[in-house]
Amino acid sequence: MVLLAGCGSGNSSKDSSSDSSKKSSDGYKVAYIARAQSDSFAAWLANEVVAASEEYDDITVDVFDGQADDEKENAAIENAITSGYDAIIVQPNNGEAQRPYVEQIVDAGIIAITTNARIDGIEGASSVDADPYVQAAVNAKLALDQIPDGAKVVVLQGPSGNFHADERRKAWQKEFFDKRDDVEIVGEQIANWNKDEAVQYMEDWITSNDHIDAIISMNDNMAAGALEVVTGKDEYKDILSYGVDGTAEACLLIQDGKMTATCLQSAIDLAELNLQTVHDLLTGTEKQVDTMIEAVLITKDNATEFVEMYKERGLLDE
Amino acid sequence: MNLNILKNKQAKNKFMETFSIFIVLLVMIIICSILNDKFLSSNNITNIMKQLAVGTILAYGEMLLIICGMLDLSAGAVLALSGVMSVSVFKATNNLLLAVVVSVIIAVICNLANAIMVTKFKAPAFIATLAMMTVARGIALLYTKGQNILQIGKYNVFGQGKIGGVVPVSIIFMVVITIAIWYILKHTTFGRSLYAIGGNEEAAIASGINVVRNKYIVFIINGVLVGIAGVLFMSRVNAGLPNGAVGYEMEGLTAAVVGGTSFTGGVGTTLGTLAGAFIIGCLNNIMNLIGIDSYIQQIVKGAIIAFAVIWDIRSKSKKTSKVILVDEDPETKGTFARKAS
């Protein structure tokens, strides 16, 4: 089931010259450098990239693990350049740390794509991404009308310095907190995208505050962790909670009425768009592509649709 | 120098060595209760204990290993592996007991592998368990394809359930394990032999202690503890997280060291480790309650660890210094050398 067209804001320039085609006798070899296979979203994206590549007879994808370490990710990029891949897709651990290495890919005449998150401003490199600001902003705009006057809220942040974490927090500030002076942040901590850290923070926050009206989380994992703490407590049965990613767990929670909203950052769409982009670049249909998947808001109204998608993918039980 | 004065001084030093950690904890509790009036509420104390359960159980394993001159860097990764396997078994069988048994067995197998590397191949525990950390995490990620295992049903009873609707199950686990470890260390020959092995392994061998067997047993006990911690952790977060518990071995090590367990081996107590865990737990809790910034929290935690290690080094250097005394008591007059306590 394909949920999104997935390329709503793309910019591309066409090049019909057959010279730009890089096909070898065995088809195109593509290296995918994942940020960290231990990161559940990055692992999901890597799995989906491999799955999406099966739709293309002329493409084979090899996945390499950056292990959430700039040095290891950079080494993986250098190795991929040396190994003679036709295209290299990089999911950066830290955009600025990988920038010179992505430039090396371009300098070597190899097709370079940065994804989730993109690295801006590299001449000759393409990008496929989701806009983290928009992903949080769609939640923040919804929350403007939902979070009550004088509400007390808690905020769970992603890792410091992470592009997506910072952009999402920025969106909440600009689209919500700057417009709602009446809302008080009674707790804000970095939970590093982790569910277990969010559990601990929320346990402490419900102790130090008489009431909390909303959980504002920069990803679904942390939102689910915070919700775990208040589940079954009558005084928190109406708590609002917002996340980003549209994970299987979040969709289930929204469907069950326990979570308010999230924005889908679909690994499936990102993967399909990455493969479509790399194929277009390899075959010479496009010369450079900068595109993004859509930011789809998931609420109780449409959560079931996504739960079904996850069931079909085997990520949720039937 | 008068012997009585010296004896008094020694007794005072002994008292401080034994109880200083509890005095620190008490002072910390008083300060925390002043900083936030909800700190001593029953809800908050329960929170702290629930948050401590996994870390404390891991800390006991680390303490036993450190006492006999080893350590375990693989605890967090093995916890993740045994936890996700346990969750999977529960999803397949709906049998809670079997899920716990599987978690413990897997953690024990990993620790047996550690023990073999350390005892048979003479690999330093640091290296052996570092290797196991990578292997265990890799298997957990491979098995789950890096994805969280969701919809785990009643499995969450261990981490979120309450006995009689009041006492969290995880706290019961922590208390029972604390008593068991205390008994093993204090009242069994095996427990006492660990101090001998950590104090001087060659002397322990010479005195007839089966060092290899005891090292195996320590790793097996550590495996049991890690397996139980795996169940509690996954149950608490209501999911099987293959990338969960990263760095938890450091939490265990920190609690043990802050609680007076010495990296030189041969020193450490169950109650000291429990106090160390509470100090870390109270510190985390109060910083969250009063809303201290994440970055400052890291600095404070680091400073506490540094303080604990320096305290440990200083107290050990005092302990091992030889004091040459000229006894002026006419009944015992003479020159003798003894260790200051």
# chains A, B, ... in the order shown; residues from 1 in each chain; ligands from 1
>>> closest_atom_pairs(of="chain A", to="chain B", cutoff="9 Å", atoms="only C-alpha atoms", output="tab-separated table")
residue	atom	partner	partner_atom	distance
A:Gln37	CA	B:Gly146	CA	6.4
A:Ser38	CA	B:Asn243	CA	5.6
A:Asp39	CA	B:Asn243	CA	6.8
A:Ser40	CA	B:Gln147	CA	5.1
A:Phe41	CA	B:Gln147	CA	7.8
A:Ala42	CA	B:Gly146	CA	8.4
A:Ala43	CA	B:Gly146	CA	5.3
A:Trp44	CA	B:Gln147	CA	6.8
A:Asn47	CA	B:Lys145	CA	8.0
A:Val186	CA	B:Gly291	CA	7.9
A:Gly187	CA	B:Gly291	CA	6.2
A:Glu188	CA	B:Gly291	CA	7.5
A:Gln189	CA	B:Ser294	CA	5.9
A:Ile190	CA	B:Ser294	CA	6.2
A:Ala191	CA	B:Ser294	CA	8.9
A:Asn194	CA	B:Gly244	CA	7.8
A:Lys195	CA	B:Val237	CA	6.7
A:Asp196	CA	B:Val237	CA	5.9
A:Val199	CA	B:Val237	CA	7.3
A:Gln200	CA	B:Gln51	CA	6.6
A:Tyr201	CA	B:Asn288	CA	6.8
A:Glu203	CA	B:Asn47	CA	6.5
A:Asp204	CA	B:Leu289	CA	5.9
A:Trp205	CA	B:Leu289	CA	6.4
A:Thr207	CA	B:Asn44	CA	6.2
A:Ser208	CA	B:Leu289	CA	5.5
A:Asn209	CA	B:Leu289	CA	8.7
A:Ala224	CA	B:Val237	CA	8.8
A:Gly225	CA	B:Val237	CA	6.5
A:Glu228	CA	B:Val237	CA	7.2
A:Val229	CA	B:Gln160	CA	8.9
A:Ala248	CA	B:Leu150	CA	8.3
A:Glu249	CA	B:Leu150	CA	6.9
A:Leu315	CA	B:Ile149	CA	8.2
A:Leu316	CA	B:Leu150	CA	7.1
A:Asp317	CA	B:Gln151	CA	7.6
>>> select_by_dssp(residues="segment 123-268 of chain A", states="helix (DSSP H, G or I)", output="JSON, numbers by chain")
{"A": [132, 133, 134, 135, 136, 137, 138, 139, 140, 141, 142, 143, 144, 145, 146, 163, 164, 165, 166, 167, 168, 169, 170, 171, 172, 173, 174, 175, 176, 177, 195, 196, 197, 198, 199, 200, 201, 202, 203, 204, 205, 206, 207, 208, 220, 221, 222, 223, 224, 225, 226, 227, 228, 229, 230, 234, 235, 236, 248, 249, 250, 251, 252, 253, 254, 255, 267, 268]}
>>> residues_around(residues="Leu142 of chain A", least_positions_apart="5", cutoff="9 Å", atoms="only C-alpha atoms", output="list in words")
Ala137, Ile147 and Ala261 of chain A
>>> closest_residue(among="A:Ala250, A:Ile105, A:Ile111, A:Val50", to="Ala34 of chain A", atoms="only C-alpha atoms")
A:Val50
>>> select_by_dssp(residues="segment 240-286 of chain A", states="strand (DSSP E)", output="ChimeraX atom specification")
/A:240-242,262-264,286
>>> write_last_selection(atoms="N, CA and C atoms", output="compact mmCIF listing (two decimals), in the first residue's frame")
# COMPACT_ATOMS: atom_id res chain seq x y z
N LEU A 240 -3.04 15.41 26.69
CA LEU A 240 -2.76 15.50 25.25
C LEU A 240 -1.30 15.15 25.03
N SER A 241 -1.00 14.53 23.90
CA SER A 241 0.41 14.21 23.63
C SER A 241 0.67 14.23 22.13
N TYR A 242 1.80 14.81 21.81
CA TYR A 242 2.17 15.00 20.40
C TYR A 242 3.57 14.46 20.15
N THR A 262 0.55 12.74 15.70
CA THR A 262 1.95 12.64 15.31
C THR A 262 2.02 13.02 13.83
N CYS A 263 3.23 13.18 13.34
CA CYS A 263 3.38 13.43 11.91
C CYS A 263 4.21 12.30 11.32
N LEU A 264 3.72 11.78 10.24
CA LEU A 264 4.40 10.63 9.65
C LEU A 264 5.71 11.04 8.99
N GLU A 286 17.57 12.46 -14.62
CA GLU A 286 17.75 13.70 -13.86
C GLU A 286 19.23 13.92 -13.63
>>> atom_distance(atom1="atom CA of Gln135 of chain A", atom2="atom CA of Asp301 of chain A")
17.9 Å
>>> residues_around(residues="Val49 of chain A", least_positions_apart="4", cutoff="7 Å", atoms="only C-alpha atoms", output="PyMOL selection string")
chain A and resi 45+53+271-272
>>> residues_around(residues="Ala36 of chain A", least_positions_apart="5", cutoff="10 Å", atoms="only C-alpha atoms", output="NGL selection string")
(:A and (41-43 or 46 or 64-69 or 73 or 91-93)) or (:B and (146))
>>> residues_around(residues="segment 115-123 of chain A", least_positions_apart="3", cutoff="10 Å", atoms="only C-alpha atoms", output="number ranges by chain")
A: 33-35, 42, 45, 89-96, 98-100, 102-103, 106-107, 112, 126-132, 162-164, 265, 267, 270-271, 274, 288, 290-292
>>> residues_around(residues="Lys141 of chain A", least_positions_apart="3", cutoff="8 Å", atoms="only C-alpha atoms", output="PyMOL selection string")
chain A and resi 137-138+144-145+175-176
>>> closest_residue(among="A:Lys29, A:Lys287, A:Lys152, A:Arg168", to="Ile212 of chain A", atoms="only C-alpha atoms")
A:Lys152
>>> atom_distance(atom1="atom CA of Ala80 of chain A", atom2="atom CA of Ala31 of chain A")
6.5 Å
>>> decode(residues="segment 132-165 of chain B", atoms="N, CA and C atoms", output="tab-separated table (two decimals), in the first residue's frame")
chain	number	residue	atom	x	y	z
B	132	MET	N	31.95	-9.03	24.27
B	132	MET	CA	30.58	-9.54	24.45
B	132	MET	C	29.54	-8.44	24.26
B	133	MET	N	29.89	-7.24	24.68
B	133	MET	CA	28.98	-6.10	24.52
B	133	MET	C	28.61	-5.93	23.04
B	134	THR	N	29.62	-5.99	22.19
B	134	THR	CA	29.38	-5.80	20.75
B	134	THR	C	28.59	-6.97	20.17
B	135	VAL	N	28.99	-8.18	20.58
B	135	VAL	CA	28.32	-9.38	20.04
B	135	VAL	C	26.85	-9.41	20.46
B	136	ALA	N	26.60	-9.18	21.75
B	136	ALA	CA	25.23	-9.27	22.26
B	136	ALA	C	24.33	-8.21	21.61
B	137	ARG	N	24.84	-7.00	21.51
B	137	ARG	CA	24.04	-5.93	20.90
B	137	ARG	C	23.76	-6.27	19.43
B	138	GLY	N	24.79	-6.80	18.77
B	138	GLY	CA	24.63	-7.17	17.36
B	138	GLY	C	23.57	-8.24	17.18
B	139	ILE	N	23.58	-9.24	18.05
B	139	ILE	CA	22.57	-10.32	17.94
B	139	ILE	C	21.17	-9.76	18.19
B	140	ALA	N	21.06	-8.88	19.19
B	140	ALA	CA	19.74	-8.30	19.50
B	140	ALA	C	19.21	-7.51	18.30
B	141	LEU	N	20.09	-6.75	17.67
B	141	LEU	CA	19.66	-5.94	16.52
B	141	LEU	C	19.36	-6.82	15.31
B	142	LEU	N	20.18	-7.85	15.14
B	142	LEU	CA	19.97	-8.77	14.01
B	142	LEU	C	18.63	-9.49	14.17
B	143	TYR	N	18.38	-9.97	15.37
B	143	TYR	CA	17.16	-10.73	15.63
B	143	TYR	C	15.91	-9.89	15.40
B	144	THR	N	15.98	-8.63	15.80
B	144	THR	CA	14.79	-7.76	15.69
B	144	THR	C	14.81	-6.89	14.43
B	145	LYS	N	15.87	-7.00	13.65
B	145	LYS	CA	16.10	-6.12	12.50
B	145	LYS	C	16.08	-4.65	12.93
B	146	GLY	N	16.52	-4.41	14.14
B	146	GLY	CA	16.62	-3.05	14.66
B	146	GLY	C	15.30	-2.44	15.08
B	147	GLN	N	14.23	-3.23	15.03
B	147	GLN	CA	12.90	-2.68	15.34
B	147	GLN	C	12.44	-3.06	16.74
B	148	ASN	N	11.71	-2.16	17.35
B	148	ASN	CA	11.15	-2.43	18.67
B	148	ASN	C	10.07	-3.51	18.55
B	149	ILE	N	9.99	-4.37	19.57
B	149	ILE	CA	8.91	-5.37	19.61
B	149	ILE	C	7.76	-4.77	20.41
B	150	LEU	N	6.62	-4.64	19.77
B	150	LEU	CA	5.47	-3.97	20.41
B	150	LEU	C	4.38	-4.97	20.78
B	151	GLN	N	3.33	-4.44	21.36
B	151	GLN	CA	2.15	-5.23	21.75
B	151	GLN	C	2.55	-6.43	22.60
B	152	ILE	N	3.17	-6.14	23.75
B	152	ILE	CA	3.71	-7.23	24.56
B	152	ILE	C	2.76	-7.68	25.66
B	153	GLY	N	1.56	-7.15	25.66
B	153	GLY	CA	0.49	-7.65	26.55
B	153	GLY	C	0.84	-7.57	28.02
B	154	LYS	N	0.59	-8.67	28.73
B	154	LYS	CA	0.74	-8.70	30.19
B	154	LYS	C	2.19	-8.78	30.64
B	155	TYR	N	3.10	-8.78	29.70
B	155	TYR	CA	4.52	-8.85	30.05
B	155	TYR	C	4.91	-7.67	30.95
B	156	ASN	N	4.16	-6.55	30.81
B	156	ASN	CA	4.54	-5.35	31.57
B	156	ASN	C	4.25	-5.45	33.07
B	157	VAL	N	3.73	-6.60	33.49
B	157	VAL	CA	3.40	-6.75	34.92
B	157	VAL	C	4.65	-6.64	35.81
B	158	PHE	N	5.81	-7.07	35.28
B	158	PHE	CA	7.02	-7.03	36.12
B	158	PHE	C	7.48	-5.59	36.38
B	159	GLY	N	7.42	-4.77	35.38
B	159	GLY	CA	7.94	-3.41	35.52
B	159	GLY	C	6.89	-2.41	35.94
B	160	GLN	N	5.61	-2.76	35.73
B	160	GLN	CA	4.56	-1.78	36.01
B	160	GLN	C	3.52	-2.28	37.00
B	161	GLY	N	3.55	-3.60	37.27
B	161	GLY	CA	2.55	-4.16	38.18
B	161	GLY	C	2.83	-3.82	39.63
B	162	LYS	N	1.79	-3.96	40.46
B	162	LYS	CA	1.95	-3.69	41.90
B	162	LYS	C	1.34	-4.84	42.70
B	163	ILE	N	2.04	-5.23	43.76
B	163	ILE	CA	1.51	-6.25	44.65
B	163	ILE	C	0.49	-5.58	45.57
B	164	GLY	N	-0.72	-6.13	45.57
B	164	GLY	CA	-1.78	-5.55	46.40
B	164	GLY	C	-2.15	-4.14	45.98
B	165	GLY	N	-1.77	-3.79	44.76
B	165	GLY	CA	-2.08	-2.46	44.25
B	165	GLY	C	-1.25	-1.36	44.88
